[in-house]
Amino acid sequence: MDAVKEALREGRPVALFPDGGQAVLVVEVGRALRVFRLGEGGSFPSLASDFPSLDWFERALWERGYTPVGHPGPKPLRRHDLPYAFREFPELHEVPVGPVHAGIIEPGHFRFSVLGERILHLEIRLGYQHRGLLNRLLGKGPEAALLLAERAGSEPVAHALAFALAWEEALGRKAPPRAQALRLAALELERAFGHLGHLAGLFTDIGYAYGATQVGRVRALLQGEVDRLTGHRYGRNFVRVGGVWREGRPDLAALAAYREELSRLLPRLLKHPQVLDRMRYVGVVRRVEAEAYGFVGPTARASGVARDLRQEDPAYPGFRPVVRQGGDVLSRAQVYAEEALQALDYALGFLAHLPEGPLAQDLPPGDGEAMARVEAGRGEVFWFVRLEGGKVALAEGVDPSFKNWRALELAVRGEGLPDFPLCNKSFDLSYAGTDL
Amino acid sequence: MSLLKTWKIGLLARPLEALLRVPDHAFGYPLLRPEGLTEPVQEDLVGLCPSGAFFREGRTFGLDLARCVGCGRCALAHPEAVGEVKRLEVAVTRREDLVQRVDLERGAFLDPGPPPPPRKELALPTLAFREVSAGDTGLADSEIALLGNPFHDMGRFGFSVVASPRHADALLVTGPVSRNMREALLRTYEAVPEPKGVVAVGNEAISGGLFAGSPEVEGGVDRVVPVDVYVPGDPPRPGAILFGLLLLAGRVRQRLVGGVLR
């Protein structure tokens with residue numbers, strides 16, 4: 001147990017999933033993964049009191065029938081047939097919001113405890129998007145399973161890639177070099193597309209119509225190039241186990257032109273007085289919080305945590321993560337802007353120097369298990385698969401949003417209620433990816 | 001400079017005809033070719049489709065567009081039996097019209113007869129929509145949001161998305177309707193004043209898609225509230241959704257009958 005605590009103190013949890021009565025805990029220490037098997041017979045010692053980053057993970061196991069012994073108060077995450085008690089503050093006014101929201105957005109319930117206009121506490125209840133995805137995966141072959149993995153979050157390329165990498169590793173194979181480069185090009189385009197969406201949304205939320213329209217215009221054009229490369233506007237049906245399905249021809253000159261335009265547009269927009277006034281010092285997540293709660297992706301990097309899985313990926317030599325120290329909405333917007341440009345640079349680089357060779361290799365059905373991680377736009381996507389005879393015997397996926405929702409709860413404390421949409425948009429988390 | 005750029009945004013709107021075409025580089029919708037459906041080909045198609053869109057029922061062979069993820073592998077493997085439709089006028093008012101059925105004896109499509117006429121009370125110059133995501137992965141929601149961008153500009157057809165169901169004429173529902181969203185969807189539907197419509201956007205909203213049969217989902221919007229227009233796609237491209245809205249408003253004629261463009 002001491003070794004587990006030591007690892008968690010130094011690193012952060014990547015995944016916790018049930019396997020035959022035991023809880024499998026995956027921890028990132030330094031840049032390596034360590035795996036611990038905890039407890040037996042369906043119960044395991046809870047560590048959530050010491051490590052809040054494990055709270056949601058343990059609750060997810062608890063509602064799947066496991067017992068985290070000593071958990072301070074497990075509540076369901078995805079199951080709505082179990083009773084759920086919101087934390088109550090009799091002196092404060094409560095504002096319930098959702099699950100159906102005013103915008104075009106996925107469902108979730110937010111319970112604000114406010115004093116006047118000021119948010120003192122927020123409790124987020126999700127699970128509305130729960131579709132039983134992990135159970136659906138069991139017994140599926142590579143193609144049907146990959147379709148489901150693509151639906152495990154709103155970043156289909158990243159999820160498909162992590163799932164395919166885990167599958168290939170379980171069988172001890174690799175995709176051909178050309179397929180690897182094409183996959184990463186699609187991943188980077190997806191990142192740029194997503195980040196521009198977050199930025200356009202932020203500008204919309206502060207009423208900066210010019211910024212929103214201009215960023216939205218380039219984003220829509222960029223989506224056309226994703227469509228050209230993958231044959232799908234969001235990159236579905238592109239990655240396959242063993243390689244990629246197809247190779248489209250994106251317009252590299254157009255991509256370079258969008259990058260050029262964004263490099264002039266975004267810094268100017270982010271210095272606009274209206275932007276500074278509404279985004280600076282709002283929705284702060286401090287670095288200690290980011291580390292204690294194990295936040296990932298741009299959320300962590302905007303709070304000074306210099307961690308990006310691409311740092312140790314040989315396909316990204318000399319990669320430098322984009323980091324800001326402020327932890328506020330503006331810092332996150334700056335990270336999105338700079339990462340979007342960086343992503344376009346990498347995508348252009350991958351597409352301009354595609355290695356020769358086949359697009360895929362067929363993998364024979366086999367047995368094995370492996371885990372894989374991919375740095376998606378929102379942070380690290382994790383997939384674990386266990387194969388028996390070429391079919392899924394056990395699978396577990398963790399969307400980066402699952403680790404980051406708590407950041408929103410922390411960010412809005414002390415802010416005015418009308419700042420909530422802005423703070424929410426600055427993280428732009430996936431509900432379906434969390435609820436699975 | 002900024003003013004000029006703002007003016008030029010107005011030039012981006014694409015004509016409806018351009019929005020209703022599937023671009024050359026993407027796969028459209030599959031269309032069965034009755035003459036190529038030999039016994040081994042049928043078997044191969046059923047086995048090859050990763051989402052289970054093909055089916056055999058006695059002496060008919062069928063393809064359910066609401067279960068097709070649009071990967072195009074069927075058309076690549078058996079071009080003699082599966083063709084491609086490059087049009088996005090695929091929204092229908094009747095669920096059966098998304099299913100192609102080939103009578104294997106005659107080697108011809110079965111015709112389910114003319115679709116019911118559109119509802120007259122929603123033939124209004126403007127329609128306000130409330131969007132409800134009920135188990136969608138977020139992509140169909142995203143496409144609906146993108147309908148408002150300068151390229152698609154649904155506002156020019158009098159369509160808008162409003163914040164409250166009380167202000168809406170119709171609901172746009174995405175996702176297979178997770179059990180946990182059932183009540184919220186019902187209550188949102190009840191909050192919309194009469195006359196009201198419902199558009200099921202995307203395969204999951206129509207049939208449950210890949211989640212059909214999962215105990216955590218209802219398996220389609222029409223199992224919870226009545227649906228007026230079904231827009232297939234995974235997710236449907238904005239042009240397809242736009243055609244669905246025009247169909248709801250009675251401004252276009254349904255073109256897909258029995259799964260075949262007519």
# chains A, B, ... in the order shown; residues from 1 in each chain; ligands from 1
$ closest_atom_pairs --of "chain B" --to "chain A" --cutoff "8 Å" --atoms "only C-alpha atoms" --output "tab-separated table"
residue	atom	partner	partner_atom	distance
B:Thr6	CA	A:Tyr210	CA	7.2
B:His25	CA	A:Arg228	CA	5.8
B:Ala26	CA	A:Gly231	CA	4.4
B:Phe27	CA	A:Gly231	CA	6.8
B:Pro50	CA	A:Ala144	CA	5.0
B:Ser51	CA	A:Ala144	CA	6.5
B:Gly70	CA	A:Asn237	CA	7.9
B:Cys71	CA	A:Asn237	CA	5.6
B:Glu131	CA	A:Ile104	CA	6.0
B:Val132	CA	A:Val100	CA	6.6
B:Ser133	CA	A:Glu106	CA	5.3
B:Ala134	CA	A:Gln129	CA	6.5
B:Gly135	CA	A:Gln129	CA	4.2
B:Asp136	CA	A:Ala432	CA	7.0
B:Thr137	CA	A:Ala432	CA	5.3
B:Gly138	CA	A:Ser154	CA	5.6
B:Leu139	CA	A:Ser154	CA	6.5
B:Asp141	CA	A:Ile104	CA	6.4
B:Ser142	CA	A:Ile104	CA	7.8
B:Ile144	CA	A:Ile104	CA	7.8
B:Ala145	CA	A:Ile104	CA	6.3
B:Asn149	CA	A:Gly216	CA	7.4
B:Pro150	CA	A:Arg217	CA	7.4
B:Val162	CA	A:Ala102	CA	7.5
B:Ala163	CA	A:Ala102	CA	4.1
B:Ser164	CA	A:Ala102	CA	6.3
B:Ser178	CA	A:Arg131	CA	5.9
B:Arg179	CA	A:Tyr128	CA	7.8
B:Asn180	CA	A:Tyr128	CA	4.8
B:Met181	CA	A:Tyr128	CA	5.5
B:Ala184	CA	A:Val100	CA	7.1
B:Thr188	CA	A:Val100	CA	8.0
B:Leu210	CA	A:Leu148	CA	7.2
B:Phe211	CA	A:Arg131	CA	7.0
B:Ser214	CA	A:Gly132	CA	6.6
B:Pro215	CA	A:Gly132	CA	7.5
B:Glu216	CA	A:Arg131	CA	5.1
B:Val217	CA	A:Arg131	CA	5.8
B:Arg237	CA	A:Arg233	CA	8.0
$ select_by_dssp --residues "range 39-93 of chain A" --states "alpha helix (DSSP H)" --output "list in words"
Asp55, Trp56, Phe57, Glu58, Arg59, Ala60, Leu61 and Trp62 of chain A
$ residues_around --residues "Gly242 in chain A" --least-positions-apart "4" --cutoff "12 Å" --atoms "only C-alpha atoms" --output "PyMOL selection string"
chain A and resi 142-143+146+160-161+163-180+183+238+358-365
$ residues_around --residues "Phe109 in chain B" --least-positions-apart "5" --cutoff "8 Å" --atoms "only C-alpha atoms" --output "list in words"
Pro34, Gln100, Arg101, Val102, Asp103 and Gly258 of chain B
$ residues_around --residues "Leu255 in chain A" --least-positions-apart "2" --cutoff "8 Å" --atoms "only C-alpha atoms" --output "compact mmCIF listing (two decimals) with N, CA and C atoms, in the first residue's frame"
# COMPACT_ATOMS: atom_id res chain seq x y z
N LEU A 222 -11.21 24.55 -42.10
CA LEU A 222 -10.31 23.48 -41.65
C LEU A 222 -11.05 22.14 -41.60
N GLU A 225 -10.86 20.26 -44.65
CA GLU A 225 -9.62 19.50 -44.89
C GLU A 225 -9.61 18.19 -44.10
N ASP A 251 -5.71 19.69 -48.94
CA ASP A 251 -5.04 20.74 -49.69
C ASP A 251 -3.99 21.39 -48.78
N LEU A 252 -2.71 21.02 -48.97
CA LEU A 252 -1.67 21.49 -48.06
C LEU A 252 -1.48 23.00 -48.16
N ALA A 253 -1.62 23.54 -49.36
CA ALA A 253 -1.46 24.99 -49.51
C ALA A 253 -2.55 25.71 -48.72
N ALA A 257 -2.21 28.22 -45.54
CA ALA A 257 -2.81 29.55 -45.56
C ALA A 257 -3.66 29.78 -44.31
N TYR A 258 -4.41 28.75 -43.86
CA TYR A 258 -5.22 28.90 -42.63
C TYR A 258 -4.31 29.12 -41.44
N ARG A 259 -3.19 28.40 -41.42
CA ARG A 259 -2.24 28.55 -40.32
C ARG A 259 -1.69 29.97 -40.30
N LEU A 344 -1.29 22.55 -36.35
CA LEU A 344 -1.29 22.70 -37.81
C LEU A 344 0.12 22.52 -38.37
N LEU A 348 0.93 19.62 -41.03
CA LEU A 348 1.56 19.93 -42.32
C LEU A 348 2.85 19.13 -42.48
$ atom_distance --atom1 "CA of Pro421 in chain A" --atom2 "CA of Gly283 in chain A"
10.6 Å
$ atom_distance --atom1 "CA of Ala205 in chain B" --atom2 "CA of Gly175 in chain B"
4.6 Å
$ atom_distance --atom1 "CA of Pro52 in chain A" --atom2 "CA of Val29 in chain A"
16.9 Å
$ select_by_dssp --residues "range 181-360 of chain A" --states "strand (DSSP E or B)" --output "PyMOL selection string"
chain A and resi 239-240+243-244+360
$ closest_residue --among "B:Val46, B:Ile9, B:Leu98, B:Val161" --to "Leu127 in chain B" --atoms "only C-alpha atoms"
B:Val161
$ residues_around --residues "range 296-312 of chain A" --least-positions-apart "6" --cutoff "9 Å" --atoms "only C-alpha atoms" --output "ChimeraX atom specification"
/A:31,284-290,318-336,339,373-380,400-401,403-404,407,426-427
